[in-house]
Amino acid sequence: MRNVVFDYYDSEAKFKIENTDIAFCNPEFMECDDGSYLFDFNFPVNGEITDLTVKFEFSRVNSNEFSATINDIHVM
């Protein structure tokens with residue numbers, strides 16, 4: 001994640017990645033036919049929404065557990 005943000009800004013730029021209310025990040029959520037879930041949102045940096053979109057996939061491991069994978073990070 002940090003490498004992508006370095007590429008997005010500049011390796012000399014100062015930035016801070018911190019917890020942000022996900023509702024602020026334009027989240028999208030979709031349930032798949034195989035029981036997995038896709039989730040993406042605009043990545044916040046320095047307290048502001050960026051053009052970076054992060055896409056996660058949550059796959060069920062058992063009835064109470066999911067594994068999480070970052071499938072893609074891109075600029076819209």
# chains A, B, ... in the order shown; residues from 1 in each chain; ligands from 1
$ residues_around --residues "stretch 11-20 of chain A" --least-positions-apart "2" --cutoff "8 Å" --atoms "only C-alpha atoms" --output "PyMOL selection string"
chain A and resi 6-7+9+22+24+44-47
$ write_last_selection --atoms "C-alpha atoms" --output "CSV table (one decimal), in the first residue's frame"
chain,number,residue,atom,x,y,z
A,6,PHE,CA,4.6,6.7,-2.9
A,7,ASP,CA,4.1,6.2,-6.7
A,9,TYR,CA,2.3,11.2,-4.9
A,22,ILE,CA,-15.3,4.2,5.5
A,24,PHE,CA,-16.5,9.0,3.6
A,44,PRO,CA,-7.9,8.2,2.1
A,45,VAL,CA,-4.6,9.9,2.5
A,46,ASN,CA,-3.9,13.0,4.6
A,47,GLY,CA,-7.5,13.0,5.6
$ residues_around --residues "A:Phe39" --least-positions-apart "5" --cutoff "9 Å" --atoms "only C-alpha atoms" --output "VMD selection string"
chain A and resid 27 to 31 54 to 58
$ write_last_selection --atoms "N, CA, C and O atoms" --output "PDB file, in the first residue's frame"
ATOM      1  N   PRO A  27     -17.674   3.686  -0.458  1.00  0.00           N
ATOM      2  CA  PRO A  27     -17.544   2.221  -0.520  1.00  0.00           C
ATOM      3  C   PRO A  27     -18.587   1.582  -1.444  1.00  0.00           C
ATOM      4  O   PRO A  27     -19.697   2.086  -1.585  1.00  0.00           O
ATOM      5  N   GLU A  28     -18.189   0.489  -2.063  1.00  0.00           N
ATOM      6  CA  GLU A  28     -19.094  -0.347  -2.855  1.00  0.00           C
ATOM      7  C   GLU A  28     -18.893  -1.782  -2.395  1.00  0.00           C
ATOM      8  O   GLU A  28     -17.772  -2.219  -2.172  1.00  0.00           O
ATOM      9  N   PHE A  29     -19.998  -2.518  -2.303  1.00  0.00           N
ATOM     10  CA  PHE A  29     -19.985  -3.850  -1.729  1.00  0.00           C
ATOM     11  C   PHE A  29     -20.835  -4.760  -2.598  1.00  0.00           C
ATOM     12  O   PHE A  29     -21.918  -4.361  -3.032  1.00  0.00           O
ATOM     13  N   MET A  30     -20.350  -5.970  -2.869  1.00  0.00           N
ATOM     14  CA  MET A  30     -21.112  -6.909  -3.699  1.00  0.00           C
ATOM     15  C   MET A  30     -20.902  -8.326  -3.187  1.00  0.00           C
ATOM     16  O   MET A  30     -19.778  -8.736  -2.887  1.00  0.00           O
ATOM     17  N   GLU A  31     -21.990  -9.082  -3.079  1.00  0.00           N
ATOM     18  CA  GLU A  31     -21.909 -10.495  -2.716  1.00  0.00           C
ATOM     19  C   GLU A  31     -21.855 -11.312  -3.995  1.00  0.00           C
ATOM     20  O   GLU A  31     -22.641 -11.106  -4.916  1.00  0.00           O
ATOM     21  N   VAL A  54      -9.071   0.980  -3.913  1.00  0.00           N
ATOM     22  CA  VAL A  54      -8.573  -0.293  -3.394  1.00  0.00           C
ATOM     23  C   VAL A  54      -9.703  -1.303  -3.473  1.00  0.00           C
ATOM     24  O   VAL A  54     -10.825  -1.031  -3.043  1.00  0.00           O
ATOM     25  N   LYS A  55      -9.432  -2.479  -4.061  1.00  0.00           N
ATOM     26  CA  LYS A  55     -10.441  -3.535  -4.211  1.00  0.00           C
ATOM     27  C   LYS A  55     -10.015  -4.759  -3.397  1.00  0.00           C
ATOM     28  O   LYS A  55      -8.931  -5.290  -3.597  1.00  0.00           O
ATOM     29  N   PHE A  56     -10.888  -5.161  -2.488  1.00  0.00           N
ATOM     30  CA  PHE A  56     -10.663  -6.331  -1.639  1.00  0.00           C
ATOM     31  C   PHE A  56     -11.614  -7.450  -2.023  1.00  0.00           C
ATOM     32  O   PHE A  56     -12.719  -7.205  -2.501  1.00  0.00           O
ATOM     33  N   GLU A  57     -11.187  -8.686  -1.761  1.00  0.00           N
ATOM     34  CA  GLU A  57     -12.080  -9.843  -1.857  1.00  0.00           C
ATOM     35  C   GLU A  57     -12.020 -10.574  -0.530  1.00  0.00           C
ATOM     36  O   GLU A  57     -10.938 -10.830   0.010  1.00  0.00           O
ATOM     37  N   PHE A  58     -13.184 -10.878   0.013  1.00  0.00           N
ATOM     38  CA  PHE A  58     -13.295 -11.639   1.252  1.00  0.00           C
ATOM     39  C   PHE A  58     -13.881 -12.995   0.906  1.00  0.00           C
ATOM     40  O   PHE A  58     -15.017 -13.084   0.447  1.00  0.00           O
TER      41      PHE A  58
END
$ residues_around --residues "A:Phe43" --least-positions-apart "2" --cutoff "7 Å" --atoms "only C-alpha atoms" --output "PDB file with N, CA and C atoms, in the first residue's frame"
ATOM      1  N   CYS A  25     -15.504   7.281   2.171  1.00  0.00           N
ATOM      2  CA  CYS A  25     -14.622   6.801   1.101  1.00  0.00           C
ATOM      3  C   CYS A  25     -15.353   6.201  -0.098  1.00  0.00           C
ATOM      4  N   PHE A  41     -13.193   0.829  -2.211  1.00  0.00           N
ATOM      5  CA  PHE A  41     -13.384   2.190  -1.715  1.00  0.00           C
ATOM      6  C   PHE A  41     -12.224   3.058  -2.176  1.00  0.00           C
ATOM      7  N   VAL A  45      -5.920   9.574   2.086  1.00  0.00           N
ATOM      8  CA  VAL A  45      -4.556   9.935   2.456  1.00  0.00           C
ATOM      9  C   VAL A  45      -4.581  11.391   2.921  1.00  0.00           C
ATOM     10  N   ILE A  49      -9.958  12.148   0.403  1.00  0.00           N
ATOM     11  CA  ILE A  49     -10.158  11.046  -0.539  1.00  0.00           C
ATOM     12  C   ILE A  49      -9.249  11.262  -1.745  1.00  0.00           C
ATOM     13  N   THR A  50      -8.600  10.200  -2.194  1.00  0.00           N
ATOM     14  CA  THR A  50      -7.739  10.267  -3.381  1.00  0.00           C
ATOM     15  C   THR A  50      -8.433   9.572  -4.548  1.00  0.00           C
ATOM     16  N   LEU A  52      -7.130   6.976  -5.769  1.00  0.00           N
ATOM     17  CA  LEU A  52      -6.732   5.575  -5.608  1.00  0.00           C
ATOM     18  C   LEU A  52      -7.931   4.751  -5.147  1.00  0.00           C
ATOM     19  N   THR A  53      -8.248   3.712  -5.870  1.00  0.00           N
ATOM     20  CA  THR A  53      -9.315   2.794  -5.493  1.00  0.00           C
ATOM     21  C   THR A  53      -8.687   1.472  -5.081  1.00  0.00           C
ATOM     22  N   VAL A  54      -9.071   0.980  -3.913  1.00  0.00           N
ATOM     23  CA  VAL A  54      -8.573  -0.293  -3.394  1.00  0.00           C
ATOM     24  C   VAL A  54      -9.703  -1.303  -3.473  1.00  0.00           C
TER      25      VAL A  54
END
$ atom_distance --atom1 "atom CA of A:Tyr37" --atom2 "atom CA of A:Arg60"
8.7 Å
$ atom_distance --atom1 "atom CA of A:Val75" --atom2 "atom CA of A:Asn42"
9.2 Å
$ atom_distance --atom1 "atom CA of A:Arg2" --atom2 "atom CA of A:Phe66"
24.0 Å
$ select_by_dssp --residues "chain A" --states "helix (DSSP H, G or I)" --output "PyMOL selection string"
chain A and resi 2-8+22-25
$ write_last_selection --atoms "N, CA, C and O atoms" --output "CSV table (one decimal), in the first residue's frame"
chain,number,residue,atom,x,y,z
A,2,ARG,N,1.9,1.2,0.9
A,2,ARG,CA,2.7,2.4,0.9
A,2,ARG,C,3.4,2.7,-0.4
A,2,ARG,O,3.6,3.8,-0.8
A,3,ASN,N,3.9,1.6,-1.1
A,3,ASN,CA,4.6,1.8,-2.4
A,3,ASN,C,3.7,2.4,-3.4
A,3,ASN,O,4.1,3.3,-4.2
A,4,VAL,N,2.4,2.0,-3.4
A,4,VAL,CA,1.4,2.6,-4.3
A,4,VAL,C,1.2,4.1,-4.0
A,4,VAL,O,1.2,4.9,-4.9
A,5,VAL,N,1.1,4.4,-2.7
A,5,VAL,CA,0.9,5.8,-2.4
A,5,VAL,C,2.2,6.6,-2.7
A,5,VAL,O,2.1,7.7,-3.2
A,6,PHE,N,3.4,6.1,-2.5
A,6,PHE,CA,4.6,6.7,-2.9
A,6,PHE,C,4.6,7.0,-4.4
A,6,PHE,O,4.9,8.1,-4.9
A,7,ASP,N,4.2,6.0,-5.2
A,7,ASP,CA,4.1,6.2,-6.7
A,7,ASP,C,3.0,7.3,-7.0
A,7,ASP,O,3.2,8.0,-8.0
A,8,TYR,N,1.9,7.3,-6.3
A,8,TYR,CA,0.8,8.2,-6.6
A,8,TYR,C,1.2,9.6,-6.3
A,8,TYR,O,0.9,10.5,-7.1
A,22,ILE,N,-15.3,4.8,6.9
A,22,ILE,CA,-15.3,4.2,5.5
A,22,ILE,C,-16.5,4.8,4.7
A,22,ILE,O,-16.4,4.9,3.5
A,23,ALA,N,-17.5,5.3,5.4
A,23,ALA,CA,-18.6,5.9,4.6
A,23,ALA,C,-18.2,7.1,3.8
A,23,ALA,O,-18.8,7.5,2.8
A,24,PHE,N,-17.1,7.8,4.3
A,24,PHE,CA,-16.5,9.0,3.6
A,24,PHE,C,-15.8,8.6,2.4
A,24,PHE,O,-15.5,9.4,1.5
A,25,CYS,N,-15.5,7.3,2.2
A,25,CYS,CA,-14.6,6.8,1.1
A,25,CYS,C,-15.4,6.2,-0.1
A,25,CYS,O,-14.7,5.5,-0.9
$ select_by_dssp --residues "chain A" --states "strand (DSSP E or B)" --output "PyMOL selection string"
chain A and resi 28-31+37-45+48-62+65-75
$ decode --residues "stretch 32-67 of chain A" --atoms "N, CA, C and O atoms" --output "tab-separated table (two decimals), in the first residue's frame"
chain	number	residue	atom	x	y	z
A	32	CYS	N	-20.94	-12.26	-4.06
A	32	CYS	CA	-20.77	-13.11	-5.25
A	32	CYS	C	-21.52	-14.43	-5.09
A	32	CYS	O	-21.83	-14.84	-3.97
A	33	ASP	N	-21.77	-15.09	-6.20
A	33	ASP	CA	-22.50	-16.36	-6.19
A	33	ASP	C	-21.77	-17.45	-5.39
A	33	ASP	O	-22.41	-18.34	-4.85
A	34	ASP	N	-20.44	-17.38	-5.32
A	34	ASP	CA	-19.69	-18.41	-4.60
A	34	ASP	C	-19.60	-18.15	-3.10
A	34	ASP	O	-18.93	-18.86	-2.37
A	35	GLY	N	-20.27	-17.09	-2.61
A	35	GLY	CA	-20.27	-16.79	-1.18
A	35	GLY	C	-19.19	-15.81	-0.75
A	35	GLY	O	-19.12	-15.42	0.41
A	36	SER	N	-18.34	-15.40	-1.70
A	36	SER	CA	-17.32	-14.40	-1.38
A	36	SER	C	-17.93	-13.01	-1.51
A	36	SER	O	-19.04	-12.84	-2.02
A	37	TYR	N	-17.21	-12.01	-1.04
A	37	TYR	CA	-17.67	-10.62	-1.09
A	37	TYR	C	-16.59	-9.75	-1.72
A	37	TYR	O	-15.40	-9.94	-1.45
A	38	LEU	N	-17.00	-8.83	-2.55
A	38	LEU	CA	-16.09	-7.85	-3.13
A	38	LEU	C	-16.38	-6.50	-2.50
A	38	LEU	O	-17.54	-6.13	-2.32
A	39	PHE	N	-15.34	-5.79	-2.16
A	39	PHE	CA	-15.48	-4.52	-1.47
A	39	PHE	C	-14.43	-3.57	-2.01
A	39	PHE	O	-13.25	-3.93	-2.10
A	40	ASP	N	-14.84	-2.37	-2.43
A	40	ASP	CA	-13.84	-1.38	-2.83
A	40	ASP	C	-14.20	-0.01	-2.29
A	40	ASP	O	-15.35	0.26	-1.94
A	41	PHE	N	-13.19	0.83	-2.21
A	41	PHE	CA	-13.38	2.19	-1.72
A	41	PHE	C	-12.22	3.06	-2.18
A	41	PHE	O	-11.16	2.56	-2.54
A	42	ASN	N	-12.46	4.37	-2.17
A	42	ASN	CA	-11.41	5.32	-2.49
A	42	ASN	C	-10.51	5.47	-1.26
A	42	ASN	O	-10.98	5.66	-0.15
A	43	PHE	N	-9.23	5.36	-1.47
A	43	PHE	CA	-8.25	5.33	-0.39
A	43	PHE	C	-8.01	6.73	0.16
A	43	PHE	O	-7.66	7.64	-0.60
A	44	PRO	N	-8.18	6.93	1.48
A	44	PRO	CA	-7.94	8.25	2.06
A	44	PRO	C	-6.47	8.44	2.44
A	44	PRO	O	-5.85	7.54	3.02
A	45	VAL	N	-5.92	9.57	2.09
A	45	VAL	CA	-4.56	9.93	2.46
A	45	VAL	C	-4.58	11.39	2.92
A	45	VAL	O	-5.23	12.23	2.30
A	46	ASN	N	-3.89	11.67	4.00
A	46	ASN	CA	-3.86	13.02	4.58
A	46	ASN	C	-5.26	13.54	4.87
A	46	ASN	O	-5.55	14.73	4.73
A	47	GLY	N	-6.16	12.64	5.25
A	47	GLY	CA	-7.51	13.03	5.63
A	47	GLY	C	-8.40	13.40	4.46
A	47	GLY	O	-9.50	13.90	4.65
A	48	GLU	N	-7.95	13.14	3.23
A	48	GLU	CA	-8.75	13.45	2.04
A	48	GLU	C	-8.87	12.22	1.16
A	48	GLU	O	-7.98	11.37	1.13
A	49	ILE	N	-9.96	12.15	0.40
A	49	ILE	CA	-10.16	11.05	-0.54
A	49	ILE	C	-9.25	11.26	-1.74
A	49	ILE	O	-9.14	12.37	-2.26
A	50	THR	N	-8.60	10.20	-2.19
A	50	THR	CA	-7.74	10.27	-3.38
A	50	THR	C	-8.43	9.57	-4.55
A	50	THR	O	-9.52	9.02	-4.40
A	51	ASP	N	-7.77	9.58	-5.70
A	51	ASP	CA	-8.25	8.83	-6.87
A	51	ASP	C	-7.86	7.36	-6.80
A	51	ASP	O	-8.20	6.59	-7.70
A	52	LEU	N	-7.13	6.98	-5.77
A	52	LEU	CA	-6.73	5.58	-5.61
A	52	LEU	C	-7.93	4.75	-5.15
A	52	LEU	O	-8.56	5.08	-4.15
A	53	THR	N	-8.25	3.71	-5.87
A	53	THR	CA	-9.32	2.79	-5.49
A	53	THR	C	-8.69	1.47	-5.08
A	53	THR	O	-7.85	0.93	-5.80
A	54	VAL	N	-9.07	0.98	-3.91
A	54	VAL	CA	-8.57	-0.29	-3.39
A	54	VAL	C	-9.70	-1.30	-3.47
A	54	VAL	O	-10.83	-1.03	-3.04
A	55	LYS	N	-9.43	-2.48	-4.06
A	55	LYS	CA	-10.44	-3.54	-4.21
A	55	LYS	C	-10.02	-4.76	-3.40
A	55	LYS	O	-8.93	-5.29	-3.60
A	56	PHE	N	-10.89	-5.16	-2.49
A	56	PHE	CA	-10.66	-6.33	-1.64
A	56	PHE	C	-11.61	-7.45	-2.02
A	56	PHE	O	-12.72	-7.21	-2.50
A	57	GLU	N	-11.19	-8.69	-1.76
A	57	GLU	CA	-12.08	-9.84	-1.86
A	57	GLU	C	-12.02	-10.57	-0.53
A	57	GLU	O	-10.94	-10.83	0.01
A	58	PHE	N	-13.18	-10.88	0.01
A	58	PHE	CA	-13.29	-11.64	1.25
A	58	PHE	C	-13.88	-13.00	0.91
A	58	PHE	O	-15.02	-13.08	0.45
A	59	SER	N	-13.10	-14.06	1.11
A	59	SER	CA	-13.52	-15.42	0.80
A	59	SER	C	-13.74	-16.18	2.10
A	59	SER	O	-12.91	-16.12	3.01
A	60	ARG	N	-14.83	-16.92	2.16
A	60	ARG	CA	-15.17	-17.66	3.37
A	60	ARG	C	-14.20	-18.83	3.57
A	60	ARG	O	-13.98	-19.64	2.69
A	61	VAL	N	-13.62	-18.89	4.77
A	61	VAL	CA	-12.74	-19.99	5.17
A	61	VAL	C	-13.57	-21.04	5.89
A	61	VAL	O	-13.44	-22.23	5.65
A	62	ASN	N	-14.42	-20.61	6.81
A	62	ASN	CA	-15.39	-21.46	7.48
A	62	ASN	C	-16.58	-20.58	7.87
A	62	ASN	O	-16.65	-19.44	7.44
A	63	SER	N	-17.49	-21.08	8.65
A	63	SER	CA	-18.72	-20.34	8.91
A	63	SER	C	-18.50	-18.99	9.59
A	63	SER	O	-19.31	-18.08	9.42
A	64	ASN	N	-17.41	-18.83	10.33
A	64	ASN	CA	-17.16	-17.58	11.05
A	64	ASN	C	-15.91	-16.84	10.59
A	64	ASN	O	-15.57	-15.82	11.18
A	65	GLU	N	-15.21	-17.34	9.58
A	65	GLU	CA	-13.94	-16.76	9.18
A	65	GLU	C	-13.88	-16.47	7.69
A	65	GLU	O	-14.40	-17.23	6.88
A	66	PHE	N	-13.21	-15.37	7.35
A	66	PHE	CA	-12.98	-15.00	5.96
A	66	PHE	C	-11.49	-14.70	5.78
A	66	PHE	O	-10.84	-14.23	6.71
A	67	SER	N	-10.97	-14.97	4.61
A	67	SER	CA	-9.64	-14.49	4.27
A	67	SER	C	-9.82	-13.23	3.42
A	67	SER	O	-10.80	-13.13	2.66
